[in-house]
>>> print(open('entry.txt').read())   # compact mmCIF, C-alpha atoms and all ligand atoms
# COMPACT_ATOMS: atom_id res chain seq x y z
CA MET H 1 6.26 -15.68 9.05
CA LYS H 2 9.24 -13.35 9.18
CA PHE H 3 9.61 -10.01 7.42
CA ALA H 4 11.32 -11.09 4.18
CA THR H 5 8.81 -13.92 3.72
CA ARG H 6 5.78 -11.72 4.38
CA ALA H 7 7.17 -9.15 1.93
CA ILE H 8 6.89 -11.72 -0.83
CA ARG H 9 3.87 -13.76 0.28
CA VAL H 10 1.27 -11.68 2.12
CA GLY H 11 -1.49 -10.21 -0.07
CA GLN H 12 0.15 -11.79 -3.09
CA GLU H 13 -1.48 -15.15 -3.57
CA PRO H 14 -1.48 -16.34 -7.21
CA ASP H 15 -4.33 -14.75 -9.17
CA PRO H 16 -7.46 -16.91 -8.64
CA ALA H 17 -8.68 -16.41 -12.23
CA THR H 18 -5.52 -17.34 -14.13
CA GLY H 19 -2.92 -18.64 -11.67
CA SER H 20 -0.64 -15.70 -12.52
CA ILE H 21 2.20 -15.85 -9.98
CA ASN H 22 2.21 -12.05 -9.77
CA VAL H 23 -0.78 -9.96 -8.75
CA PRO H 24 -2.03 -8.60 -12.11
CA ILE H 25 -2.34 -4.88 -12.79
CA TYR H 26 -6.13 -4.57 -12.73
CA GLN H 27 -6.16 -1.53 -14.99
CA THR H 28 -9.90 -0.99 -14.89
CA ALA H 29 -12.20 1.73 -13.59
CA ASN H 30 -15.19 -0.50 -12.89
CA PHE H 31 -16.33 -4.11 -12.35
CA VAL H 32 -19.58 -5.81 -13.47
CA PHE H 33 -22.38 -6.57 -11.04
CA GLN H 34 -23.45 -10.18 -10.69
CA GLY H 35 -27.13 -9.20 -10.73
CA VAL H 36 -29.50 -6.47 -9.60
CA GLY H 37 -28.56 -5.49 -6.05
CA GLU H 38 -25.67 -7.96 -6.19
CA PRO H 39 -22.31 -6.26 -6.58
CA GLY H 40 -19.23 -8.46 -6.97
CA PRO H 41 -16.27 -8.10 -4.58
CA TYR H 42 -15.26 -4.92 -6.44
CA GLU H 43 -17.40 -2.19 -8.00
CA TYR H 44 -15.38 0.91 -8.80
CA SER H 45 -11.60 1.45 -8.55
CA ARG H 46 -11.74 4.66 -6.52
CA THR H 47 -13.48 2.66 -3.80
CA SER H 48 -11.37 -0.45 -4.13
CA ASN H 49 -9.13 -2.18 -6.66
CA PRO H 50 -7.52 -5.64 -6.38
CA THR H 51 -3.97 -4.47 -7.18
CA ARG H 52 -4.22 -1.64 -4.66
CA ARG H 53 -5.74 -4.04 -2.13
CA ALA H 54 -2.75 -6.38 -2.51
CA PHE H 55 -0.31 -3.53 -1.84
CA GLU H 56 -2.36 -2.35 1.15
CA GLU H 57 -2.42 -5.82 2.69
CA SER H 58 1.25 -6.42 2.07
CA LEU H 59 2.37 -3.12 3.61
CA ALA H 60 0.03 -3.52 6.61
CA SER H 61 1.60 -6.90 7.27
CA LEU H 62 5.14 -5.44 7.13
CA GLU H 63 4.20 -2.66 9.55
CA GLU H 64 2.64 -5.33 11.79
CA GLY H 65 -0.65 -3.43 11.55
CA LYS H 66 -4.17 -4.52 10.74
CA HIS H 67 -5.24 -2.14 7.98
CA GLY H 68 -3.42 -0.46 5.08
CA LEU H 69 -4.56 2.32 2.76
CA ALA H 70 -2.66 3.35 -0.38
CA PHE H 71 -2.67 6.90 -1.72
CA ALA H 72 -1.55 8.78 -4.82
CA SER H 73 1.38 10.35 -2.94
CA GLY H 74 2.91 10.60 0.50
CA MET H 75 1.35 14.05 0.80
CA ALA H 76 -2.12 12.63 0.00
CA ALA H 77 -1.61 10.09 2.81
CA ILE H 78 -0.51 12.87 5.20
CA ASP H 79 -3.53 14.99 4.22
CA ALA H 80 -5.81 12.01 4.85
CA ALA H 81 -4.29 11.48 8.31
CA LEU H 82 -4.96 15.16 9.10
CA SER H 83 -8.56 14.81 7.82
CA ILE H 84 -9.74 13.46 11.20
CA LEU H 85 -9.16 16.96 12.64
CA ARG H 86 -11.93 19.50 13.09
CA HIS H 87 -12.01 23.28 13.35
CA GLY H 88 -10.59 24.29 16.74
CA ASN H 89 -8.52 21.13 17.25
CA HIS H 90 -4.88 21.56 18.26
CA VAL H 91 -1.93 19.46 17.04
CA ILE H 92 1.60 19.20 18.48
CA VAL H 93 4.26 18.62 15.82
CA SER H 94 7.95 17.75 16.12
CA GLU H 95 9.65 20.75 14.52
CA ASN H 96 12.02 18.93 12.21
CA LEU H 97 9.57 18.08 9.54
CA TYR H 98 9.45 17.17 5.88
CA GLY H 99 8.99 20.48 4.00
CA GLY H 100 5.80 19.34 2.25
CA THR H 101 4.15 18.47 5.56
CA TYR H 102 5.12 21.89 6.92
CA GLY H 103 3.61 23.54 3.82
CA LEU H 104 0.39 21.54 4.09
CA ILE H 105 0.03 22.56 7.75
CA GLU H 106 0.88 26.22 7.22
CA ARG H 107 -0.97 26.86 3.95
CA VAL H 108 -3.96 24.55 4.16
CA TRP H 109 -4.79 23.17 7.59
CA LYS H 110 -4.15 26.37 9.57
CA GLU H 111 -6.47 28.17 7.14
CA ARG H 112 -9.14 25.63 8.04
CA GLY H 113 -8.97 26.62 11.71
CA VAL H 114 -6.79 23.81 13.06
CA GLU H 115 -4.05 25.00 15.44
CA PHE H 116 -0.49 23.69 15.46
CA SER H 117 2.44 24.01 17.88
CA TYR H 118 5.97 23.00 16.91
CA VAL H 119 8.16 21.51 19.63
CA ASP H 120 11.70 20.14 19.94
CA GLY H 121 11.03 16.49 19.08
CA THR H 122 14.17 15.27 20.81
CA ARG H 123 12.64 16.19 24.20
CA PRO H 124 9.59 14.01 25.05
CA SER H 125 8.53 16.37 27.84
CA ALA H 126 8.19 19.16 25.26
CA PHE H 127 5.12 17.33 23.92
CA ALA H 128 3.56 17.05 27.38
CA GLU H 129 4.22 20.75 28.07
CA ALA H 130 2.47 21.81 24.84
CA ILE H 131 -0.80 19.95 25.52
CA ARG H 132 -3.92 22.15 25.65
CA PRO H 133 -7.54 21.20 26.38
CA THR H 134 -8.16 21.22 22.60
CA THR H 135 -5.19 19.03 21.69
CA ARG H 136 -6.28 16.08 19.58
CA MET H 137 -3.16 14.83 17.79
CA VAL H 138 0.63 14.56 18.07
CA TRP H 139 2.65 14.32 14.86
CA ILE H 140 6.20 12.98 14.79
CA GLU H 141 8.78 12.20 12.12
CA THR H 142 11.71 10.00 13.15
CA PRO H 143 14.46 10.02 11.99
CA ALA H 144 13.76 13.50 10.63
CA ASN H 145 14.95 15.31 7.53
CA PRO H 146 17.78 16.29 7.04
CA LEU H 147 19.58 16.34 10.42
CA LEU H 148 18.54 12.84 11.51
CA GLN H 149 17.13 13.78 14.90
CA LEU H 150 15.09 11.03 16.57
CA VAL H 151 11.90 11.18 18.60
CA ASP H 152 11.66 8.74 21.53
CA VAL H 153 8.54 6.99 20.23
CA ARG H 154 7.70 4.99 23.37
CA ALA H 155 8.07 8.01 25.64
CA VAL H 156 5.81 10.18 23.46
CA ALA H 157 3.30 7.32 23.07
CA GLU H 158 3.07 7.06 26.84
CA ILE H 159 2.04 10.74 26.97
CA THR H 160 -0.50 10.49 24.13
CA ARG H 161 -2.03 7.27 25.50
CA ARG H 162 -2.60 8.81 28.95
CA ARG H 163 -4.25 11.87 27.39
CA GLY H 164 -6.24 10.02 24.72
CA LEU H 165 -4.48 11.78 21.81
CA VAL H 166 -3.94 10.32 18.35
CA LEU H 167 -0.22 9.77 17.71
CA VAL H 168 0.88 9.84 14.06
CA ALA H 169 4.39 8.88 12.90
CA ASP H 170 5.93 9.51 9.49
CA ASN H 171 8.00 6.33 9.05
CA THR H 172 9.38 7.15 5.59
CA PHE H 173 13.08 7.42 6.53
CA ALA H 174 13.32 4.14 8.46
CA SER H 175 10.87 2.05 6.39
CA PRO H 176 9.06 -0.82 8.13
CA TYR H 177 12.20 -2.92 7.81
CA PHE H 178 14.01 -0.82 10.42
CA GLN H 179 11.14 0.56 12.53
CA ARG H 180 7.56 -0.48 13.26
CA PRO H 181 6.02 2.39 15.24
CA LEU H 182 2.61 0.72 15.75
CA ASN H 183 4.36 -1.73 18.10
CA GLN H 184 5.69 1.23 20.10
CA GLY H 185 2.30 2.83 20.73
CA VAL H 186 1.77 4.89 17.57
CA ASP H 187 -1.82 4.99 16.25
CA VAL H 188 -1.27 6.00 12.63
CA VAL H 189 1.81 5.31 10.48
CA VAL H 190 2.19 7.37 7.29
CA HIS H 191 4.62 6.78 4.44
CA SER H 192 5.87 8.33 1.31
CA ALA H 193 5.99 5.08 -0.69
CA THR H 194 7.87 7.10 -3.30
CA LYS H 195 10.98 6.44 -1.20
CA TYR H 196 12.20 3.06 0.16
CA ILE H 197 8.90 1.19 -0.21
CA SER H 198 8.86 1.39 -4.01
CA GLY H 199 12.63 1.88 -3.91
CA HIS H 200 13.47 2.64 -7.54
CA SER H 201 12.59 6.34 -7.94
CA ASP H 202 9.94 5.50 -10.52
CA VAL H 203 6.62 6.21 -8.77
CA ILE H 204 4.89 8.75 -6.52
CA ALA H 205 2.76 7.00 -3.90
CA GLY H 206 1.85 7.06 -0.22
CA ALA H 207 0.28 4.90 2.45
CA ILE H 208 -1.26 4.75 5.91
CA VAL H 209 -1.31 1.78 8.30
CA VAL H 210 -3.46 1.60 11.46
CA ASN H 211 -4.70 -0.98 13.95
CA ASP H 212 -7.75 0.75 15.40
CA ALA H 213 -11.01 -0.17 13.64
CA HIS H 214 -12.64 3.23 14.17
CA LEU H 215 -9.64 5.15 12.83
CA PHE H 216 -9.55 2.81 9.85
CA GLU H 217 -13.21 3.45 9.14
CA GLN H 218 -12.70 7.23 9.21
CA LEU H 219 -9.55 7.16 7.08
CA SER H 220 -10.84 4.70 4.52
CA LEU H 221 -14.00 6.75 4.13
CA TYR H 222 -11.86 9.80 3.40
CA GLN H 223 -9.71 7.80 0.97
CA LYS H 224 -12.78 6.63 -0.97
CA ILE H 225 -14.63 9.93 -0.93
CA ALA H 226 -11.74 12.33 -1.53
CA GLY H 227 -10.29 9.81 -3.97
CA ALA H 228 -6.53 10.49 -3.88
CA VAL H 229 -5.95 6.76 -4.34
CA ALA H 230 -2.88 4.95 -5.69
CA GLY H 231 -3.61 3.78 -9.22
CA PRO H 232 -3.31 0.11 -10.22
CA PHE H 233 0.06 0.43 -11.95
CA ASP H 234 1.55 2.55 -9.15
CA SER H 235 0.25 0.04 -6.59
CA TRP H 236 1.87 -2.75 -8.59
CA LEU H 237 5.22 -0.92 -8.67
CA CYS H 238 5.05 -0.48 -4.88
CA LEU H 239 4.17 -4.13 -4.42
CA ARG H 240 7.13 -5.13 -6.56
CA GLY H 241 9.32 -2.79 -4.53
CA LEU H 242 8.21 -4.38 -1.25
CA LYS H 243 9.41 -7.80 -2.39
CA THR H 244 13.02 -6.61 -2.24
CA LEU H 245 12.66 -4.17 0.67
CA ALA H 246 14.53 -6.40 3.12
CA ILE H 247 17.62 -6.98 0.98
CA ARG H 248 17.66 -3.39 -0.26
CA MET H 249 17.51 -1.96 3.26
CA MET H 250 20.31 -4.23 4.47
CA GLN H 251 22.55 -3.08 1.62
CA HIS H 252 21.50 0.60 1.95
CA ALA H 253 22.31 0.57 5.66
CA SER H 254 25.61 -1.30 5.47
CA ASN H 255 26.78 1.10 2.73
CA ALA H 256 25.60 4.08 4.81
CA GLN H 257 27.50 2.87 7.88
CA ARG H 258 30.72 2.52 5.86
CA VAL H 259 30.34 5.91 4.18
CA ALA H 260 29.45 7.63 7.48
CA GLU H 261 32.46 6.12 9.27
CA TRP H 262 34.76 7.09 6.43
CA LEU H 263 33.46 10.67 6.39
CA ALA H 264 33.73 10.90 10.18
CA GLY H 265 37.44 10.07 9.92
CA ASP H 266 38.18 12.70 7.27
CA LYS H 267 39.56 16.05 8.43
CA ARG H 268 38.05 17.93 5.47
CA VAL H 269 34.57 17.19 6.88
CA GLU H 270 33.35 19.38 9.75
CA SER H 271 30.75 16.92 11.10
CA VAL H 272 28.73 13.84 10.10
CA LEU H 273 25.19 13.06 11.23
CA TYR H 274 24.14 9.41 11.09
CA PRO H 275 22.25 7.53 13.84
CA GLY H 276 24.58 4.55 13.36
CA LEU H 277 27.64 6.52 14.52
CA SER H 278 28.36 6.37 18.25
CA SER H 279 28.99 10.14 18.03
CA HIS H 280 25.30 10.72 17.15
CA PRO H 281 23.70 12.28 20.24
CA GLN H 282 20.80 9.79 20.09
CA HIS H 283 22.75 6.69 19.07
CA GLN H 284 21.51 4.74 22.12
CA LEU H 285 17.89 5.65 21.41
CA ALA H 286 18.35 4.58 17.78
CA ARG H 287 19.67 1.22 18.98
CA ALA H 288 16.70 0.83 21.30
CA GLN H 289 13.86 1.71 18.93
CA MET H 290 15.20 0.83 15.46
CA ASP H 291 16.49 -2.41 13.96
CA GLY H 292 18.97 -0.51 11.78
CA PHE H 293 19.96 3.08 11.16
CA GLY H 294 18.68 3.77 7.65
CA ALA H 295 20.66 5.22 4.78
CA ILE H 296 20.50 9.00 4.97
CA VAL H 297 23.85 10.49 5.94
CA THR H 298 24.26 14.24 6.39
CA LEU H 299 27.63 15.97 6.44
CA ARG H 300 28.72 19.54 7.00
CA LEU H 301 31.53 21.31 5.20
CA GLN H 302 33.15 24.45 6.49
CA GLY H 303 33.67 27.57 4.48
CA GLU H 304 32.25 29.30 1.49
CA MET H 305 29.45 28.40 -0.92
CA GLU H 306 32.06 28.28 -3.71
CA GLY H 307 33.72 25.28 -2.09
CA VAL H 308 30.33 23.60 -1.63
CA LYS H 309 29.59 24.13 -5.32
CA ARG H 310 32.92 22.59 -6.30
CA PHE H 311 32.12 19.58 -4.09
CA PHE H 312 28.79 19.03 -5.86
CA ASP H 313 30.38 19.46 -9.30
CA GLY H 314 33.02 16.89 -8.42
CA LEU H 315 30.60 14.02 -7.74
CA GLU H 316 29.84 11.34 -10.33
CA VAL H 317 28.44 8.31 -8.47
CA PHE H 318 26.05 10.57 -6.52
CA SER H 319 23.39 12.26 -8.65
CA PHE H 320 22.45 15.80 -7.65
CA ALA H 321 18.70 15.47 -7.03
CA GLY H 322 16.01 15.80 -4.39
CA SER H 323 14.11 12.82 -3.01
CA LEU H 324 15.69 9.73 -1.44
CA GLY H 325 15.25 6.03 -0.92
CA GLY H 326 16.01 4.75 -4.43
CA VAL H 327 18.69 2.22 -5.36
CA GLU H 328 20.87 5.04 -6.76
CA SER H 329 22.88 7.33 -4.51
CA LEU H 330 21.77 10.96 -4.43
CA VAL H 331 23.15 14.16 -3.00
CA SER H 332 21.11 17.24 -2.14
CA HIS H 333 21.67 20.70 -0.70
CA PRO H 334 19.00 21.52 1.94
CA TRP H 335 19.98 25.23 2.09
CA THR H 336 18.92 25.82 -1.54
CA MET H 337 16.50 22.90 -1.97
CA SER H 338 14.23 21.42 0.74
CA HIS H 339 14.66 24.38 3.13
CA GLN H 340 15.02 27.25 0.66
CA SER H 341 11.81 28.92 1.86
CA LEU H 342 13.29 29.51 5.36
CA SER H 343 15.27 32.67 6.09
CA PRO H 344 19.06 32.26 6.52
CA GLU H 345 18.65 32.98 10.27
CA ASP H 346 15.98 30.26 10.64
CA LYS H 347 18.08 27.78 8.70
CA ASN H 348 21.09 28.44 10.90
CA ARG H 349 18.93 28.26 14.03
CA ILE H 350 17.68 24.76 13.18
CA GLY H 351 21.18 23.63 12.22
CA ILE H 352 21.11 23.83 8.43
CA THR H 353 24.21 25.67 7.21
CA GLU H 354 25.29 26.50 3.66
CA GLY H 355 27.70 23.60 3.93
CA THR H 356 25.09 21.03 5.03
CA ILE H 357 24.89 18.20 2.49
CA ARG H 358 22.45 15.29 2.53
CA LEU H 359 23.39 11.96 1.02
CA SER H 360 20.81 9.30 0.19
CA ILE H 361 23.02 6.22 0.13
CA GLY H 362 22.06 3.77 -2.60
CA ILE H 363 22.96 0.14 -3.13
CA GLU H 364 25.94 0.62 -5.45
CA ASP H 365 29.34 -0.53 -4.17
CA ALA H 366 30.41 1.50 -1.13
CA ASP H 367 34.02 1.58 -2.42
CA ASP H 368 32.86 3.59 -5.43
CA MET H 369 30.88 5.99 -3.22
CA ILE H 370 33.87 6.59 -0.98
CA ALA H 371 36.22 7.14 -3.93
CA ASP H 372 33.71 9.62 -5.38
CA LEU H 373 33.40 11.55 -2.10
CA ASP H 374 37.18 11.56 -1.69
CA LYS H 375 37.59 13.07 -5.14
CA ALA H 376 34.89 15.71 -4.54
CA LEU H 377 36.29 16.66 -1.10
CA ALA H 378 39.68 17.28 -2.67
CA ARG H 379 38.08 20.11 -4.68
CA VAL H 380 36.62 21.95 -1.69
C1 LIG P 401 8.94 12.53 0.42
C2 LIG P 401 8.40 12.60 1.77
C3 LIG P 401 7.04 12.91 1.98
C4 LIG P 401 6.10 13.25 0.86
O1 LIG P 401 5.85 12.18 0.00
P1 LIG P 401 5.48 12.34 -1.57
O2 LIG P 401 5.40 10.92 -2.01
O3 LIG P 401 6.56 13.14 -2.22
O4 LIG P 401 4.17 13.04 -1.63
C5 LIG P 401 6.59 12.91 3.29
N1 LIG P 401 7.39 12.65 4.33
C6 LIG P 401 8.70 12.37 4.16
C7 LIG P 401 9.55 12.10 5.35
C8 LIG P 401 9.25 12.34 2.88
O5 LIG P 401 10.55 12.07 2.73
>>> encode(input="entry.txt", output="structure tokens")
Amino acid sequence: MKFATRAIRVGQEPDPATGSINVPIYQTANFVFQGVGEPGPYEYSRTSNPTRRAFEESLASLEEGKHGLAFASGMAAIDAALSILRHGNHVIVSENLYGGTYGLIERVWKERGVEFSYVDGTRPSAFAEAIRPTTRMVWIETPANPLLQLVDVRAVAEITRRRGLVLVADNTFASPYFQRPLNQGVDVVVHSATKYISGHSDVIAGAIVVNDAHLFEQLSLYQKIAGAVAGPFDSWLCLRGLKTLAIRMMQHASNAQRVAEWLAGDKRVESVLYPGLSSHPQHQLARAQMDGFGAIVTLRLQGEMEGVKRFFDGLEVFSFAGSLGGVESLVSHPWTMSHQSLSPEDKNRIGITEGTIRLSIGIEDADDMIADLDKALARV
């Protein structure tokens, strides 16, 4: 079956008890035993729950992986993926990273005696050069926030496979509709399901998908024992989101392409970063490893903060908010939001200026988005 069919069918058979066409929200903590020493298929919802199971199976199928695990947030999923590390292990990380992941590494996992090196993710050889005898894992995010740099997944997977390292990819920005890293040699895919997977900005959730049976055993043990599981209602919202993932992503991406091309042709804009533009330095790589270019578009304005503020105040179709991946278009300011904890020098060094603006392109009409941007740019 193809993607859009699996999104609606896999893991979502009509409920055996009632024939309900939708997987019910099994809002229960526990399940009765059939007799002494005879548990039923479910016992306790931290361990396993039918609604969560349905979401896990559905997402695993869309990632073309064998096993899915659903968590209470993207960060809980990321923490679970890191849980296979032990004191003294070393991890190589692509340096353009979601801020929460950076915080979890710096404030929690380094304190636990795990070592991390950050490398330029756009250069596959940088990963090979950073390998130490204690290296256990490589962590990549592609495309990355907010400058849309890509990591060449196949090239990095070739390095990790030869050295027996676990390769983890955060696939949040592309979603499984546009990129399936397990097919390119990645061992563990992590997601913030808060974003495109649920798609409506109404739930916090996360997920992991793997193929390897041993990794699955380790990660599912951690999920059950540590217990940061997705609840039944949140799992149901994610499952409902998945049903429309294919059509949403098509609309998100075609809107993003139009907006990016329009911005690129406007003299008031200093530069536009979008993997779907031929001017993007990794456009060819994006074509090779993705089925579409996603819907995050970053632009840079020249000049003073005052002009940037007037731009934000002039927008109506774009809501000024963090996060991304919902049906509504959003605009955010990395300098004062996602990257505020970095010093001005560090921000400038990694390419985030005061005038850097991130758009999460929704599924409204692109004409309205363009008219809105035109109006706001006139105020700069
Ligand atoms: C949002 C996000 C996360 C964290 O997910 P939460 O659901 O907010 O915990 C991780 N990685 C990326 C790329 C994200 O955009």
>>> residues_near_ligand(input="entry.txt", ligand="ligand LIG 401 (chain P)", cutoff="9 Å", atoms="all atoms listed in the file", output="MDAnalysis selection string")
chainID H and resid 72:78 97:101 141:145 170:173 190:195 203:206 323:325
>>> closest_residue(input="entry.txt", among="H:Arg161, H:Lys347, H:Arg9, H:Arg154", to="Ile21 of chain H", atoms="only C-alpha atoms")
H:Arg9
>>> closest_residue(input="entry.txt", among="H:Lys224, H:His90, H:Arg136, H:His252", to="Met369 of chain H", atoms="only C-alpha atoms")
H:His252
>>> atom_distance(input="entry.txt", atom1="atom CA of Val317 of chain H", atom2="atom CA of Ser201 of chain H")
16.0 Å
>>> closest_residue(input="entry.txt", among="H:Asp234, H:Glu38, H:Glu158, H:Glu56", to="Ile25 of chain H", atoms="all atoms listed in the file")
H:Asp234
>>> atom_distance(input="entry.txt", atom1="atom CA of Asp15 of chain H", atom2="atom CA of Leu219 of chain H")
27.8 Å
>>> atom_distance(input="entry.txt", atom1="atom CA of Leu242 of chain H", atom2="atom CA of Phe216 of chain H")
22.1 Å
>>> residues_around(input="entry.txt", residues="Ile352 of chain H", least_positions_apart="2", cutoff="12 Å", atoms="all atoms listed in the file", output="PyMOL selection string")
chain H and resi 96+145-148+273+298-301+333-340+342-350+354-358
>>> closest_residue(input="entry.txt", among="H:Arg163, H:Arg248, H:Lys2, H:Lys243", to="Ala295 of chain H", atoms="all atoms listed in the file")
H:Arg248
>>> residues_around(input="entry.txt", residues="Gln302 of chain H", least_positions_apart="4", cutoff="10 Å", atoms="all atoms listed in the file", output="list in words")
Arg268, Val269, Glu270, Ser271, Gly307, Val308, Thr353, Glu354, Gly355, Thr356 and Val380 of chain H
>>> closest_residue(input="entry.txt", among="H:Asp368, H:Leu165, H:Leu263, H:Ala4", to="Met250 of chain H", atoms="all atoms listed in the file")
H:Ala4
>>> residues_around(input="entry.txt", residues="Val209 of chain H", least_positions_apart="2", cutoff="9 Å", atoms="only C-alpha atoms", output="list in words")
Glu56, Leu59, Ala60, Glu63, Glu64, Gly65, Lys66, His67, Gly68, Leu69, Ala70, Leu182, Asp187, Val188, Val189, Val190, His191, Ala207, Asn211 and Phe216 of chain H
>>> write_last_selection(input="entry.txt", atoms="C-alpha atoms", output="PDB file, in the coordinates of the input")
ATOM      1  CA  GLU H  56      -2.360  -2.350   1.150  1.00  0.00           C
ATOM      2  CA  LEU H  59       2.370  -3.120   3.610  1.00  0.00           C
ATOM      3  CA  ALA H  60       0.030  -3.520   6.610  1.00  0.00           C
ATOM      4  CA  GLU H  63       4.200  -2.660   9.550  1.00  0.00           C
ATOM      5  CA  GLU H  64       2.640  -5.330  11.790  1.00  0.00           C
ATOM      6  CA  GLY H  65      -0.650  -3.430  11.550  1.00  0.00           C
ATOM      7  CA  LYS H  66      -4.170  -4.520  10.740  1.00  0.00           C
ATOM      8  CA  HIS H  67      -5.240  -2.140   7.980  1.00  0.00           C
ATOM      9  CA  GLY H  68      -3.420  -0.460   5.080  1.00  0.00           C
ATOM     10  CA  LEU H  69      -4.560   2.320   2.760  1.00  0.00           C
ATOM     11  CA  ALA H  70      -2.660   3.350  -0.380  1.00  0.00           C
ATOM     12  CA  LEU H 182       2.610   0.720  15.750  1.00  0.00           C
ATOM     13  CA  ASP H 187      -1.820   4.990  16.250  1.00  0.00           C
ATOM     14  CA  VAL H 188      -1.270   6.000  12.630  1.00  0.00           C
ATOM     15  CA  VAL H 189       1.810   5.310  10.480  1.00  0.00           C
ATOM     16  CA  VAL H 190       2.190   7.370   7.290  1.00  0.00           C
ATOM     17  CA  HIS H 191       4.620   6.780   4.440  1.00  0.00           C
ATOM     18  CA  ALA H 207       0.280   4.900   2.450  1.00  0.00           C
ATOM     19  CA  ASN H 211      -4.700  -0.980  13.950  1.00  0.00           C
ATOM     20  CA  PHE H 216      -9.550   2.810   9.850  1.00  0.00           C
TER      21      PHE H 216
END
>>> residues_around(input="entry.txt", residues="Ala260 of chain H", least_positions_apart="3", cutoff="7 Å", atoms="only C-alpha atoms", output="list in words")
Ala256, Gln257, Leu263, Ala264, Val272, Tyr274 and Val297 of chain H
